[in-house]
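Chemist: Below is one structure. I have some questions about it.
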Amino acid sequence: MKDDKMTIQKRLENMKNFYIKADDLIDNLPDAIPKKTKTMLKDTILGDKDLKKLMDGIDVHRPPRIFLIGRTGDRKFGNRF
């Protein structure tokens, strides 16, 4: 399980790095590509609000916390716990 956690963490870091490098890549496109086109590419690829929120969340993620609330021994559902 620890290996899975490390694999997931590494993949998240790779996604974040790719997102950051995509910005630099677009900025460094040849001068033959108009600035307006570069701006459009940035807005299309990097301007998605949900994607930005996801990338920002990679830095501050934490494991989920799970709570079970309810009565035990309920005759309706039996003793499952």
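Identifiers for the structure tokens are assigned positionally: chains receive A, B, ... in sequence, residues are indexed from 1 per chain, and ligands are indexed from 1 in the order shown.
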Can you list, as a list of chain:residue names, every protein, DNA or RNA residue that comes within 6 Å of Met55 (chain A) when you count only C-alpha atoms, leaving out same-chain residues fewer than 3 positions away?

Modeler: A:Lys16, A:Lys52, A:Ile58

Chemist: If you keep N, CA, C and O atoms, can you produce a file of those selected residues as a PDB file, in the first residue's frame?

Modeler:
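part08.pdb, freshly written:
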ATOM      1  N   LYS A  16       1.662  17.933 -12.266  1.00  0.00           N
ATOM      2  CA  LYS A  16       1.870  19.337 -11.901  1.00  0.00           C
ATOM      3  C   LYS A  16       3.054  19.908 -12.687  1.00  0.00           C
ATOM      4  O   LYS A  16       2.980  21.017 -13.228  1.00  0.00           O
ATOM      5  N   LYS A  52      -7.032  24.162 -13.283  1.00  0.00           N
ATOM      6  CA  LYS A  52      -6.189  24.998 -12.417  1.00  0.00           C
ATOM      7  C   LYS A  52      -6.441  24.656 -10.953  1.00  0.00           C
ATOM      8  O   LYS A  52      -5.503  24.526 -10.163  1.00  0.00           O
ATOM      9  N   ILE A  58      -3.078  19.807  -5.833  1.00  0.00           N
ATOM     10  CA  ILE A  58      -2.031  18.791  -5.722  1.00  0.00           C
ATOM     11  C   ILE A  58      -1.044  19.153  -4.619  1.00  0.00           C
ATOM     12  O   ILE A  58      -0.582  18.290  -3.877  1.00  0.00           O
TER      13      ILE A  58
END

Chemist: From the set A:Asn14, A:Gln9, A:Arg71, A:Ala22, which residue has the shortest atom-to-atom contact distance to Thr44 (chain A), counting only C-alpha atoms?

Modeler: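 Of A:Asn14, A:Gln9, A:Arg71, A:Ala22, the one nearest Thr44 (chain A) is A:Ala22, counting only C-alpha atoms.
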
Chemist: Restricting the calculation to only C-alpha atoms, which member of A:Arg65, A:Lys36, A:Arg11, A:Lys42 is positioned closest to Asp24 (chain A)?

Modeler: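 Nearest to Asp24 (chain A): A:Lys42.
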
Chemist: Show me, as a PyMOL selection string, the residues that have an atom within 12 Å of Val60 (chain A) when counting only C-alpha atoms, minus same-chain residues fewer than 4 positions from it.

Modeler: chain A and resi 9+12-13+53-56

Chemist: Measuring atom to atom with only C-alpha atoms, identify which of A:Asn28, A:Asp59, A:Phe67, A:Asp23 is nearest to Asp43 (chain A).

Modeler: A:Asp23

Chemist: Would you compute the distance between CA of Leu25 (chain A) and CA of Met6 (chain A)? Give it in Å to one decimal.

Modeler: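 These two atoms are separated by 27.8 Å.
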
Chemist: If you run DSSP on the backbone, which residues of chain A are alpha helix (DSSP H), as an MDAnalysis selection string?

Modeler: chainID A and resid 2:27 35:46 49:59
